[in-house]
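Text of coords.cif (mmCIF, C-alpha atoms and all ligand atoms; chains and numbers go by the auth columns) as supplied:
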```cif
data_structure
#
loop_
_atom_site.group_PDB
_atom_site.id
_atom_site.type_symbol
_atom_site.label_atom_id
_atom_site.label_comp_id
_atom_site.label_asym_id
_atom_site.label_seq_id
_atom_site.Cartn_x
_atom_site.Cartn_y
_atom_site.Cartn_z
_atom_site.B_iso_or_equiv
_atom_site.auth_seq_id
_atom_site.auth_asym_id
ATOM 1 C CA MET A 1 -92.039 -48.450 85.666 0.00 1422 A
ATOM 2 C CA ALA A 2 -89.841 -47.950 82.633 0.00 1423 A
ATOM 3 C CA GLU A 3 -86.698 -50.092 82.494 0.00 1424 A
ATOM 4 C CA TYR A 4 -84.482 -47.243 81.255 0.00 1425 A
ATOM 5 C CA LYS A 5 -84.369 -43.475 81.632 0.00 1426 A
ATOM 6 C CA LEU A 6 -82.863 -41.526 78.755 0.00 1427 A
ATOM 7 C CA TYR A 7 -81.987 -37.903 79.502 0.00 1428 A
ATOM 8 C CA TYR A 8 -81.508 -35.504 76.652 0.00 1429 A
ATOM 9 C CA PHE A 9 -82.375 -31.938 75.704 0.00 1430 A
ATOM 10 C CA TYR A 10 -85.384 -30.772 73.633 0.00 1431 A
ATOM 11 C CA VAL A 11 -83.509 -31.288 70.378 0.00 1432 A
ATOM 12 C CA ARG A 12 -82.750 -34.226 68.085 0.00 1433 A
ATOM 13 C CA GLY A 13 -79.010 -33.541 68.218 0.00 1434 A
ATOM 14 C CA LYS A 14 -77.072 -36.465 69.638 0.00 1435 A
ATOM 15 C CA GLY A 15 -80.007 -38.116 71.346 0.00 1436 A
ATOM 16 C CA GLN A 16 -82.524 -38.808 68.610 0.00 1437 A
ATOM 17 C CA VAL A 17 -80.776 -41.886 67.220 0.00 1438 A
ATOM 18 C CA ILE A 18 -81.080 -43.545 70.640 0.00 1439 A
ATOM 19 C CA ARG A 19 -84.738 -42.539 70.880 0.00 1440 A
ATOM 20 C CA TYR A 20 -85.340 -44.100 67.435 0.00 1441 A
ATOM 21 C CA VAL A 21 -83.698 -47.404 68.402 0.00 1442 A
ATOM 22 C CA LEU A 22 -85.650 -47.627 71.645 0.00 1443 A
ATOM 23 C CA GLU A 23 -88.990 -46.690 70.047 0.00 1444 A
ATOM 24 C CA ASP A 24 -88.558 -49.012 67.073 0.00 1445 A
ATOM 25 C CA ASN A 25 -87.596 -51.986 69.249 0.00 1446 A
ATOM 26 C CA ASP A 26 -90.231 -51.655 71.965 0.00 1447 A
ATOM 27 C CA VAL A 27 -87.772 -50.924 74.748 0.00 1448 A
ATOM 28 C CA SER A 28 -89.475 -49.628 77.867 0.00 1449 A
ATOM 29 C CA PHE A 29 -87.926 -46.227 78.541 0.00 1450 A
ATOM 30 C CA GLU A 30 -88.737 -42.832 79.929 0.00 1451 A
ATOM 31 C CA ASP A 31 -87.720 -40.095 77.522 0.00 1452 A
ATOM 32 C CA ILE A 32 -86.722 -37.334 79.907 0.00 1453 A
ATOM 33 C CA VAL A 33 -86.479 -34.042 78.061 0.00 1454 A
ATOM 34 C CA VAL A 34 -84.270 -31.675 80.020 0.00 1455 A
ATOM 35 C CA PRO A 35 -84.465 -27.930 79.334 0.00 1456 A
ATOM 36 C CA LEU A 36 -80.981 -26.629 78.591 0.00 1457 A
ATOM 37 C CA TRP A 37 -81.542 -22.895 78.700 0.00 1458 A
ATOM 38 C CA SER A 38 -83.051 -20.815 81.496 0.00 1459 A
ATOM 39 C CA GLU A 39 -86.360 -19.071 80.839 0.00 1460 A
ATOM 40 C CA LYS A 40 -84.457 -15.789 80.809 0.00 1461 A
ATOM 41 C CA ILE A 41 -82.762 -16.497 77.493 0.00 1462 A
ATOM 42 C CA LYS A 42 -84.829 -19.337 76.022 0.00 1463 A
ATOM 43 C CA GLN A 43 -86.557 -17.099 73.511 0.00 1464 A
ATOM 44 C CA ARG A 44 -83.227 -16.462 71.837 0.00 1465 A
ATOM 45 C CA CYS A 45 -83.282 -20.054 70.515 0.00 1466 A
ATOM 46 C CA LEU A 46 -86.376 -19.190 68.559 0.00 1467 A
ATOM 47 C CA SER A 47 -85.264 -15.828 67.307 0.00 1468 A
ATOM 48 C CA ASP A 48 -83.031 -14.863 64.440 0.00 1469 A
ATOM 49 C CA GLN A 49 -80.360 -14.031 66.952 0.00 1470 A
ATOM 50 C CA GLY A 50 -80.071 -17.667 68.055 0.00 1471 A
ATOM 51 C CA PHE A 51 -77.044 -19.141 69.746 0.00 1472 A
ATOM 52 C CA TYR A 52 -73.717 -19.806 68.192 0.00 1473 A
ATOM 53 C CA ILE A 53 -71.132 -22.435 68.888 0.00 1474 A
ATOM 54 C CA GLU A 54 -68.910 -20.224 71.056 0.00 1475 A
ATOM 55 C CA GLU A 55 -71.848 -19.451 73.351 0.00 1476 A
ATOM 56 C CA VAL A 56 -73.093 -23.035 73.403 0.00 1477 A
ATOM 57 C CA LEU A 57 -69.653 -24.242 74.483 0.00 1478 A
ATOM 58 C CA ASN A 58 -69.150 -21.460 77.041 0.00 1479 A
ATOM 59 C CA PRO A 59 -72.586 -20.425 78.310 0.00 1480 A
ATOM 60 C CA LYS A 60 -72.860 -17.902 81.119 0.00 1481 A
ATOM 61 C CA PRO A 61 -73.809 -19.795 84.329 0.00 1482 A
ATOM 62 C CA ASP A 62 -77.203 -18.085 84.627 0.00 1483 A
ATOM 63 C CA TRP A 63 -78.106 -19.098 81.060 0.00 1484 A
ATOM 64 C CA LEU A 64 -78.511 -22.747 82.073 0.00 1485 A
ATOM 65 C CA SER A 65 -81.853 -23.976 83.394 0.00 1486 A
ATOM 66 C CA LYS A 66 -82.152 -24.923 87.064 0.00 1487 A
ATOM 67 C CA GLU A 67 -82.994 -28.496 86.006 0.00 1488 A
ATOM 68 C CA TRP A 68 -79.825 -28.832 83.960 0.00 1489 A
ATOM 69 C CA GLN A 69 -77.645 -27.187 86.633 0.00 1490 A
ATOM 70 C CA GLU A 70 -78.887 -29.803 89.109 0.00 1491 A
ATOM 71 C CA LEU A 71 -78.575 -32.789 86.778 0.00 1492 A
ATOM 72 C CA LYS A 72 -75.224 -31.920 85.154 0.00 1493 A
ATOM 73 C CA PRO A 73 -72.958 -32.919 88.089 0.00 1494 A
ATOM 74 C CA LYS A 74 -74.841 -36.198 88.496 0.00 1495 A
ATOM 75 C CA THR A 75 -74.056 -37.357 84.928 0.00 1496 A
ATOM 76 C CA THR A 76 -70.799 -39.158 84.085 0.00 1497 A
ATOM 77 C CA PHE A 77 -69.179 -36.373 82.070 0.00 1498 A
ATOM 78 C CA GLY A 78 -71.488 -33.447 82.797 0.00 1499 A
ATOM 79 C CA GLN A 79 -73.233 -33.830 79.436 0.00 1500 A
ATOM 80 C CA LEU A 80 -76.231 -35.454 77.786 0.00 1501 A
ATOM 81 C CA PRO A 81 -77.303 -37.918 76.483 0.00 1502 A
ATOM 82 C CA TYR A 82 -77.164 -39.913 79.688 0.00 1503 A
ATOM 83 C CA LEU A 83 -78.847 -43.271 80.323 0.00 1504 A
ATOM 84 C CA THR A 84 -79.761 -45.052 83.528 0.00 1505 A
ATOM 85 C CA GLY A 85 -81.091 -48.570 83.652 0.00 1506 A
ATOM 86 C CA PRO A 86 -81.275 -51.943 85.399 0.00 1507 A
ATOM 87 C CA ASP A 87 -78.641 -53.007 87.949 0.00 1508 A
ATOM 88 C CA GLY A 88 -77.417 -49.471 88.499 0.00 1509 A
ATOM 89 C CA LEU A 89 -76.496 -48.940 84.845 0.00 1510 A
ATOM 90 C CA GLU A 90 -75.283 -45.406 84.097 0.00 1511 A
ATOM 91 C CA LEU A 91 -73.978 -44.606 80.622 0.00 1512 A
ATOM 92 C CA SER A 92 -72.884 -41.482 78.802 0.00 1513 A
ATOM 93 C CA GLU A 93 -71.502 -40.853 75.284 0.00 1514 A
ATOM 94 C CA CYS A 94 -74.213 -41.216 72.692 0.00 1515 A
ATOM 95 C CA TYR A 95 -72.504 -43.903 70.624 0.00 1516 A
ATOM 96 C CA ALA A 96 -71.578 -45.972 73.706 0.00 1517 A
ATOM 97 C CA ILE A 97 -75.300 -45.958 74.508 0.00 1518 A
ATOM 98 C CA LEU A 98 -76.153 -46.762 70.891 0.00 1519 A
ATOM 99 C CA ARG A 99 -73.687 -49.667 70.802 0.00 1520 A
ATOM 100 C CA TYR A 100 -74.984 -50.989 74.135 0.00 1521 A
ATOM 101 C CA PHE A 101 -78.468 -51.276 72.648 0.00 1522 A
ATOM 102 C CA GLY A 102 -77.012 -52.572 69.397 0.00 1523 A
ATOM 103 C CA ARG A 103 -75.556 -55.562 71.257 0.00 1524 A
ATOM 104 C CA LYS A 104 -78.533 -56.034 73.533 0.00 1525 A
ATOM 105 C CA LEU A 105 -81.157 -55.867 70.785 0.00 1526 A
ATOM 106 C CA ASN A 106 -79.238 -57.870 68.171 0.00 1527 A
ATOM 107 C CA LEU A 107 -78.774 -54.826 65.942 0.00 1528 A
ATOM 108 C CA TYR A 108 -75.027 -55.290 65.469 0.00 1529 A
ATOM 109 C CA GLY A 109 -74.795 -57.587 62.434 0.00 1530 A
ATOM 110 C CA ASN A 110 -74.534 -61.353 62.126 0.00 1531 A
ATOM 111 C CA ASN A 111 -70.794 -61.772 62.673 0.00 1532 A
ATOM 112 C CA ASP A 112 -67.530 -59.946 63.511 0.00 1533 A
ATOM 113 C CA ILE A 113 -67.043 -58.656 59.973 0.00 1534 A
ATOM 114 C CA GLU A 114 -70.537 -57.188 59.816 0.00 1535 A
ATOM 115 C CA ALA A 115 -70.028 -55.669 63.287 0.00 1536 A
ATOM 116 C CA ALA A 116 -66.761 -54.098 62.097 0.00 1537 A
ATOM 117 C CA LYS A 117 -68.502 -52.672 58.996 0.00 1538 A
ATOM 118 C CA ILE A 118 -71.239 -51.260 61.227 0.00 1539 A
ATOM 119 C CA ASP A 119 -68.540 -49.646 63.406 0.00 1540 A
ATOM 120 C CA MET A 120 -66.866 -48.194 60.328 0.00 1541 A
ATOM 121 C CA LEU A 121 -70.132 -46.618 59.173 0.00 1542 A
ATOM 122 C CA LEU A 122 -70.914 -45.324 62.658 0.00 1543 A
ATOM 123 C CA GLU A 123 -67.527 -43.613 62.933 0.00 1544 A
ATOM 124 C CA ARG A 124 -67.928 -41.720 59.663 0.00 1545 A
ATOM 125 C CA GLU A 125 -71.626 -41.050 60.154 0.00 1546 A
ATOM 126 C CA HIS A 126 -71.027 -39.582 63.627 0.00 1547 A
ATOM 127 C CA GLN A 127 -68.196 -37.380 62.381 0.00 1548 A
ATOM 128 C CA THR A 128 -70.469 -36.179 59.575 0.00 1549 A
ATOM 129 C CA LEU A 129 -73.446 -35.586 61.869 0.00 1550 A
ATOM 130 C CA VAL A 130 -71.339 -33.536 64.279 0.00 1551 A
ATOM 131 C CA GLY A 131 -70.070 -31.496 61.308 0.00 1552 A
ATOM 132 C CA VAL A 132 -73.629 -30.756 60.194 0.00 1553 A
ATOM 133 C CA LEU A 133 -74.792 -29.905 63.741 0.00 1554 A
ATOM 134 C CA ILE A 134 -71.830 -27.583 64.282 0.00 1555 A
ATOM 135 C CA SER A 135 -72.420 -25.942 60.913 0.00 1556 A
ATOM 136 C CA LEU A 136 -75.954 -25.132 62.068 0.00 1557 A
ATOM 137 C CA LEU A 137 -74.446 -23.373 65.069 0.00 1558 A
ATOM 138 C CA THR A 138 -72.196 -21.131 63.002 0.00 1559 A
ATOM 139 C CA LYS A 139 -72.945 -17.933 61.134 0.00 1560 A
ATOM 140 C CA GLN A 140 -72.989 -18.864 57.459 0.00 1561 A
ATOM 141 C CA ASP A 141 -75.645 -19.375 54.854 0.00 1562 A
ATOM 142 C CA ASP A 142 -76.910 -22.839 53.952 0.00 1563 A
ATOM 143 C CA ALA A 143 -74.980 -22.984 50.670 0.00 1564 A
ATOM 144 C CA ALA A 144 -71.772 -22.368 52.637 0.00 1565 A
ATOM 145 C CA ARG A 145 -72.786 -24.934 55.240 0.00 1566 A
ATOM 146 C CA ILE A 146 -73.265 -27.544 52.515 0.00 1567 A
ATOM 147 C CA GLU A 147 -69.980 -26.600 50.863 0.00 1568 A
ATOM 148 C CA ASN A 148 -67.947 -26.449 54.070 0.00 1569 A
ATOM 149 C CA THR A 149 -69.194 -29.715 55.551 0.00 1570 A
ATOM 150 C CA LYS A 150 -68.457 -31.521 52.243 0.00 1571 A
ATOM 151 C CA ILE A 151 -71.697 -33.303 53.000 0.00 1572 A
ATOM 152 C CA CYS A 152 -72.431 -34.045 49.332 0.00 1573 A
ATOM 153 C CA ASP A 153 -69.171 -35.983 48.899 0.00 1574 A
ATOM 154 C CA THR A 154 -69.963 -37.993 52.005 0.00 1575 A
ATOM 155 C CA LEU A 155 -73.533 -38.750 50.914 0.00 1576 A
ATOM 156 C CA ALA A 156 -72.232 -39.984 47.553 0.00 1577 A
ATOM 157 C CA ILE A 157 -69.870 -42.379 49.360 0.00 1578 A
ATOM 158 C CA PHE A 158 -72.610 -43.582 51.701 0.00 1579 A
ATOM 159 C CA GLN A 159 -74.910 -44.178 48.733 0.00 1580 A
ATOM 160 C CA ASN A 160 -72.191 -46.167 46.979 0.00 1581 A
ATOM 161 C CA LEU A 161 -71.678 -48.342 50.069 0.00 1582 A
ATOM 162 C CA LEU A 162 -75.420 -48.876 50.397 0.00 1583 A
ATOM 163 C CA GLU A 163 -75.676 -49.950 46.745 0.00 1584 A
ATOM 164 C CA LYS A 164 -72.928 -52.537 47.285 0.00 1585 A
ATOM 165 C CA ASN A 165 -75.128 -54.353 49.784 0.00 1586 A
ATOM 166 C CA ASN A 166 -78.206 -56.035 48.297 0.00 1587 A
ATOM 167 C CA LYS A 167 -78.271 -53.453 45.453 0.00 1588 A
ATOM 168 C CA GLY A 168 -79.147 -50.773 47.999 0.00 1589 A
ATOM 169 C CA GLU A 169 -82.601 -52.230 48.465 0.00 1590 A
ATOM 170 C CA GLY A 170 -82.172 -53.256 52.082 0.00 1591 A
ATOM 171 C CA TYR A 171 -79.878 -52.138 54.847 0.00 1592 A
ATOM 172 C CA PHE A 172 -76.321 -50.857 54.993 0.00 1593 A
ATOM 173 C CA VAL A 173 -74.774 -54.100 56.280 0.00 1594 A
ATOM 174 C CA GLY A 174 -75.891 -57.711 55.847 0.00 1595 A
ATOM 175 C CA ASP A 175 -79.508 -58.714 55.638 0.00 1596 A
ATOM 176 C CA LYS A 176 -81.000 -57.180 58.753 0.00 1597 A
ATOM 177 C CA ILE A 177 -81.380 -53.769 60.304 0.00 1598 A
ATOM 178 C CA SER A 178 -78.517 -52.538 62.475 0.00 1599 A
ATOM 179 C CA ILE A 179 -77.631 -49.496 64.558 0.00 1600 A
ATOM 180 C CA ALA A 180 -75.810 -48.161 61.476 0.00 1601 A
ATOM 181 C CA ASP A 181 -79.177 -47.879 59.682 0.00 1602 A
ATOM 182 C CA TYR A 182 -80.723 -45.907 62.556 0.00 1603 A
ATOM 183 C CA ALA A 183 -77.663 -43.654 62.627 0.00 1604 A
ATOM 184 C CA MET A 184 -78.004 -43.050 58.872 0.00 1605 A
ATOM 185 C CA LEU A 185 -81.690 -42.239 59.298 0.00 1606 A
ATOM 186 C CA ASP A 186 -80.755 -39.651 61.899 0.00 1607 A
ATOM 187 C CA LEU A 187 -78.012 -38.153 59.721 0.00 1608 A
ATOM 188 C CA LEU A 188 -80.372 -37.962 56.733 0.00 1609 A
ATOM 189 C CA ASP A 189 -82.926 -36.221 58.969 0.00 1610 A
ATOM 190 C CA ALA A 190 -80.281 -33.603 59.748 0.00 1611 A
ATOM 191 C CA CYS A 191 -79.389 -33.271 56.043 0.00 1612 A
ATOM 192 C CA THR A 192 -83.066 -32.761 55.234 0.00 1613 A
ATOM 193 C CA SER A 193 -83.218 -30.030 57.877 0.00 1614 A
ATOM 194 C CA LEU A 194 -80.263 -28.350 56.220 0.00 1615 A
ATOM 195 C CA SER A 195 -81.813 -28.602 52.753 0.00 1616 A
ATOM 196 C CA SER A 196 -85.190 -30.156 51.972 0.00 1617 A
ATOM 197 C CA THR A 197 -83.999 -31.111 48.465 0.00 1618 A
ATOM 198 C CA MET A 198 -80.528 -32.360 49.322 0.00 1619 A
ATOM 199 C CA LEU A 199 -81.399 -36.050 49.035 0.00 1620 A
ATOM 200 C CA ASP A 200 -82.859 -35.678 45.537 0.00 1621 A
ATOM 201 C CA ALA A 201 -79.381 -36.159 44.066 0.00 1622 A
ATOM 202 C CA TYR A 202 -79.009 -39.522 45.867 0.00 1623 A
ATOM 203 C CA PRO A 203 -82.028 -41.635 44.876 0.00 1624 A
ATOM 204 C CA THR A 204 -80.901 -44.891 46.508 0.00 1625 A
ATOM 205 C CA LEU A 205 -80.130 -43.079 49.744 0.00 1626 A
ATOM 206 C CA LYS A 206 -83.420 -41.204 49.528 0.00 1627 A
ATOM 207 C CA SER A 207 -85.346 -44.484 49.096 0.00 1628 A
ATOM 208 C CA PHE A 208 -83.482 -45.917 52.079 0.00 1629 A
ATOM 209 C CA TYR A 209 -84.384 -42.798 54.101 0.00 1630 A
ATOM 210 C CA ASN A 210 -88.047 -43.096 53.139 0.00 1631 A
ATOM 211 C CA ARG A 211 -88.067 -46.820 53.994 0.00 1632 A
ATOM 212 C CA MET A 212 -86.566 -46.151 57.418 0.00 1633 A
ATOM 213 C CA ALA A 213 -88.781 -43.140 58.102 0.00 1634 A
ATOM 214 C CA SER A 214 -91.896 -45.100 57.191 0.00 1635 A
ATOM 215 C CA ARG A 215 -91.255 -48.021 59.545 0.00 1636 A
ATOM 216 C CA GLU A 216 -94.383 -48.119 61.647 0.00 1637 A
ATOM 217 C CA LYS A 217 -92.903 -47.060 64.986 0.00 1638 A
ATOM 218 C CA ILE A 218 -90.470 -44.558 63.483 0.00 1639 A
ATOM 219 C CA ALA A 219 -93.312 -42.935 61.535 0.00 1640 A
ATOM 220 C CA ALA A 220 -95.403 -42.796 64.723 0.00 1641 A
ATOM 221 C CA CYS A 221 -92.486 -41.230 66.581 0.00 1642 A
ATOM 222 C CA LYS A 222 -91.954 -38.641 63.840 0.00 1643 A
ATOM 223 C CA ALA A 223 -95.681 -37.832 63.802 0.00 1644 A
ATOM 224 C CA SER A 224 -95.834 -37.246 67.556 0.00 1645 A
ATOM 225 C CA GLU A 225 -96.249 -33.710 68.893 0.00 1646 A
ATOM 226 C CA LYS A 226 -93.198 -34.261 71.073 0.00 1647 A
ATOM 227 C CA TYR A 227 -90.935 -35.123 68.140 0.00 1648 A
ATOM 228 C CA LYS A 228 -92.349 -32.292 66.050 0.00 1649 A
ATOM 229 C CA SER A 229 -91.423 -29.841 68.805 0.00 1650 A
ATOM 230 C CA PHE A 230 -87.740 -30.832 68.671 0.00 1651 A
ATOM 231 C CA TYR A 231 -85.202 -28.726 66.812 0.00 1652 A
ATOM 232 C CA VAL A 232 -82.345 -30.377 64.998 0.00 1653 A
ATOM 233 C CA THR A 233 -79.936 -28.618 67.315 0.00 1654 A
ATOM 234 C CA GLY A 234 -80.035 -25.809 69.850 0.00 1655 A
ATOM 235 C CA ASN A 235 -80.061 -22.903 67.464 0.00 1656 A
ATOM 236 C CA LEU A 236 -81.838 -21.018 64.738 0.00 1657 A
ATOM 237 C CA GLY A 237 -85.213 -22.594 65.368 0.00 1658 A
ATOM 238 C CA ARG A 238 -84.587 -25.196 62.669 0.00 1659 A
ATOM 239 C CA LYS A 239 -86.733 -28.343 62.772 0.00 1660 A
HETATM 240 N N1 LIG B . -69.105 -36.756 73.364 0.00 1701 A
HETATM 241 C C1 LIG B . -70.437 -36.590 73.909 0.00 1701 A
HETATM 242 C C2 LIG B . -70.819 -35.142 73.745 0.00 1701 A
HETATM 243 C C3 LIG B . -72.159 -34.851 74.346 0.00 1701 A
HETATM 244 C C4 LIG B . -72.515 -33.380 74.205 0.00 1701 A
HETATM 245 O O1 LIG B . -71.833 -32.618 73.490 0.00 1701 A
HETATM 246 N N2 LIG B . -73.610 -33.007 74.845 0.00 1701 A
HETATM 247 C C5 LIG B . -74.063 -31.633 74.795 0.00 1701 A
HETATM 248 C C6 LIG B . -75.409 -31.566 74.070 0.00 1701 A
HETATM 249 S S1 LIG B . -75.321 -32.265 72.444 0.00 1701 A
HETATM 250 C C7 LIG B . -74.294 -31.137 76.210 0.00 1701 A
HETATM 251 O O2 LIG B . -74.548 -31.901 77.118 0.00 1701 A
HETATM 252 N N3 LIG B . -74.253 -29.804 76.388 0.00 1701 A
HETATM 253 C C8 LIG B . -74.524 -29.158 77.650 0.00 1701 A
HETATM 254 C C9 LIG B . -73.303 -28.957 78.492 0.00 1701 A
HETATM 255 O O3 LIG B . -72.183 -29.332 78.087 0.00 1701 A
HETATM 256 O O4 LIG B . -73.472 -28.394 79.593 0.00 1701 A
HETATM 257 C C10 LIG B . -71.407 -37.515 73.153 0.00 1701 A
HETATM 258 O O5 LIG B . -71.155 -37.784 71.967 0.00 1701 A
HETATM 259 O O6 LIG B . -72.391 -37.975 73.741 0.00 1701 A
#
```
Could you express the structure from this file as structure tokens?
Ligand SMILES: N[C@@H](CCC(=O)N[C@@H](CS)C(=O)NCC(=O)O)C(=O)O
Amino acid sequence: MAEYKLYYFYVRGKGQVIRYVLEDNDVSFEDIVVPLWSEKIKQRCLSDQGFYIEEVLNPKPDWLSKEWQELKPKTTFGQLPYLTGPDGLELSECYAILRYFGRKLNLYGNNDIEAAKIDMLLEREHQTLVGVLISLLTKQDDAARIENTKICDTLAIFQNLLEKNNKGEGYFVGDKISIADYAMLDLLDACTSLSSTMLDAYPTLKSFYNRMASREKIAACKASEKYKSFYVTGNLGRK
């Protein structure tokens, strides 16, 4: 039996970074994919009509799947991702879960300063990721999404920080992989979904992305039918 159960929806969204960490570090877990929307309206996710942020935040009760209606009150805050594990462990908040595995799997730097730098990167990366995900749930074209999220300015800063550590040839902090690197991989996935050429302007970041994406277990995860079926977020059918 798997040691952990990770519950998340059929999107990458806020759950994929945890899936990456668990897959890449051989953690025994059950990846429980919960349907968010009821059959009645599911097709809208795949159509041009899609869902927009107002509807995602205030769905009509009969829009939610039976599975999610049953699970929601059992989770800590009524949202996913949600993790259960040994000794009655129950955790919500994606970055609390990420940090838990960071500590447990020795993916949190070599000392307090490295851990603080990892936290700093996680804070800004998460803020940026949420901005990109929300932009995909709003009615605007991709050029406006890129402009309004100021994503290019942020990528330039991230690239600069990466280049300051080991000339950008390794990881973001110190000399070993950390949860910040998995979080950056996930953010760069989302950027690539927004624009397939966006990373071309950031060669060091692009090389980092390719290195992370080609790690054996990450590449296997990305190549799986399950991963390929996931959308970046719950709208517009964007992979
Ligand atoms: N602050 C939470 C937010 C989690 C969250 O927004 N979850 C959304 C999906 S990404 C959700 O559960 N939506 C369904 C609902 O609220 O009923 C985190 O970062 O984990």
Mind telling me what the PyMOL selection byres (((chain A and resi 1439-1447) around 7) and not hetatm) catches here, as a PyMOL selection string?
chain A and resi 1436-1438+1448-1449+1519+1603+1638-1639
Residue subset to file, keeping C-alpha atoms, as a PDB file, in the frame of the given file:
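Output file result_5.pdb is given in full below:
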```pdb
ATOM      1  CA  GLY A1436     -80.007 -38.116  71.346  1.00  0.00           C
ATOM      2  CA  GLN A1437     -82.524 -38.808  68.610  1.00  0.00           C
ATOM      3  CA  VAL A1438     -80.776 -41.886  67.220  1.00  0.00           C
ATOM      4  CA  VAL A1448     -87.772 -50.924  74.748  1.00  0.00           C
ATOM      5  CA  SER A1449     -89.475 -49.628  77.867  1.00  0.00           C
ATOM      6  CA  LEU A1519     -76.153 -46.762  70.891  1.00  0.00           C
ATOM      7  CA  TYR A1603     -80.723 -45.907  62.556  1.00  0.00           C
ATOM      8  CA  LYS A1638     -92.903 -47.060  64.986  1.00  0.00           C
ATOM      9  CA  ILE A1639     -90.470 -44.558  63.483  1.00  0.00           C
TER      10      ILE A1639
END
```
I need the residue set behind the PyMOL selection byres (((not hetatm)) within 8 of (chain A and resi 1701)) for this file; please write it as a PDB file with C-alpha atoms, in the coordinates of the input.
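And here's result17.pdb as it stands now:
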```pdb
ATOM      1  CA  TYR A1429     -81.508 -35.504  76.652  1.00  0.00           C
ATOM      2  CA  PHE A1430     -82.375 -31.938  75.704  1.00  0.00           C
ATOM      3  CA  GLY A1434     -79.010 -33.541  68.218  1.00  0.00           C
ATOM      4  CA  LYS A1435     -77.072 -36.465  69.638  1.00  0.00           C
ATOM      5  CA  GLY A1436     -80.007 -38.116  71.346  1.00  0.00           C
ATOM      6  CA  LEU A1457     -80.981 -26.629  78.591  1.00  0.00           C
ATOM      7  CA  VAL A1477     -73.093 -23.035  73.403  1.00  0.00           C
ATOM      8  CA  LEU A1478     -69.653 -24.242  74.483  1.00  0.00           C
ATOM      9  CA  LEU A1485     -78.511 -22.747  82.073  1.00  0.00           C
ATOM     10  CA  TRP A1489     -79.825 -28.832  83.960  1.00  0.00           C
ATOM     11  CA  LYS A1493     -75.224 -31.920  85.154  1.00  0.00           C
ATOM     12  CA  GLY A1499     -71.488 -33.447  82.797  1.00  0.00           C
ATOM     13  CA  GLN A1500     -73.233 -33.830  79.436  1.00  0.00           C
ATOM     14  CA  LEU A1501     -76.231 -35.454  77.786  1.00  0.00           C
ATOM     15  CA  PRO A1502     -77.303 -37.918  76.483  1.00  0.00           C
ATOM     16  CA  TYR A1503     -77.164 -39.913  79.688  1.00  0.00           C
ATOM     17  CA  SER A1513     -72.884 -41.482  78.802  1.00  0.00           C
ATOM     18  CA  GLU A1514     -71.502 -40.853  75.284  1.00  0.00           C
ATOM     19  CA  CYS A1515     -74.213 -41.216  72.692  1.00  0.00           C
ATOM     20  CA  TYR A1516     -72.504 -43.903  70.624  1.00  0.00           C
ATOM     21  CA  THR A1654     -79.936 -28.618  67.315  1.00  0.00           C
TER      22      THR A1654
END
```
Would you please work out which residue, of A:Gly1589, A:Ala1640, A:Pro1456, A:Gly1523, is nearest to A:Gln1490 when using all atoms listed in the file?
A:Pro1456
Selection in question (the file shown): the PyMOL selection byres (((chain A and resi 1530) around 9) and not hetatm). Which residues does it include, as a PyMOL selection string?
chain A and resi 1523+1527-1529+1531-1539+1594-1600
Taking all atoms listed in the file into account, which of A:Tyr1648, A:Phe1450, A:Tyr1473, A:Trp1458 comes nearest A:Ser1556?
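That would be A:Tyr1473, the residue with the smallest distance to A:Ser1556.
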Atom-to-atom span, atom CA of A:Thr1497 and atom CA of A:Gly1552, Å
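Spanning atom CA of A:Thr1497 to atom CA of A:Gly1552 is a straight-line distance of 24.0 Å.
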Could you state the separation of atom CA of A:Tyr1623 and atom CA of A:Cys1573 in Å, given to one decimal place?
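A separation of 9.2 Å between them.
The gap separating atom CA of A:Gly1506 from atom CA of A:Met1541 is 27.3 Å, in Å to one decimal.
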Any idea what's packed within 9 Å of A:Asp1563, counting all atoms listed in the file, ignoring anything in its chain fewer than 5 positions away? Could you give it as a PDB file with C-alpha atoms, keeping the file's coordinate frame?
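So result_26.pdb came out as:
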```
ATOM      1  CA  SER A1556     -72.420 -25.942  60.913  1.00  0.00           C
ATOM      2  CA  LEU A1557     -75.954 -25.132  62.068  1.00  0.00           C
ATOM      3  CA  GLU A1568     -69.980 -26.600  50.863  1.00  0.00           C
ATOM      4  CA  LEU A1615     -80.263 -28.350  56.220  1.00  0.00           C
ATOM      5  CA  SER A1616     -81.813 -28.602  52.753  1.00  0.00           C
TER       6      SER A1616
END
```
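Restricting the calculation to all atoms listed in the file, the smallest distance between A:Lys1649 and any of A:Val1432, A:Thr1559, A:Leu1583, A:Phe1472 is found for A:Val1432.
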Determine the nearest neighbour of A:Leu1512 from the options A:Leu1427, A:Ile1572, A:Val1553, A:Ile1462, counting all atoms listed in the file.
A:Leu1427
List the spatial neighbours of A:Asp1574 as a VMD selection string - criterion: any atom at most 12 Å away, all atoms listed in the file, same-chain residues fewer than 5 positions off excluded.
chain A and resid 1549 1567 to 1569 1579 to 1581 1619 1622 to 1623
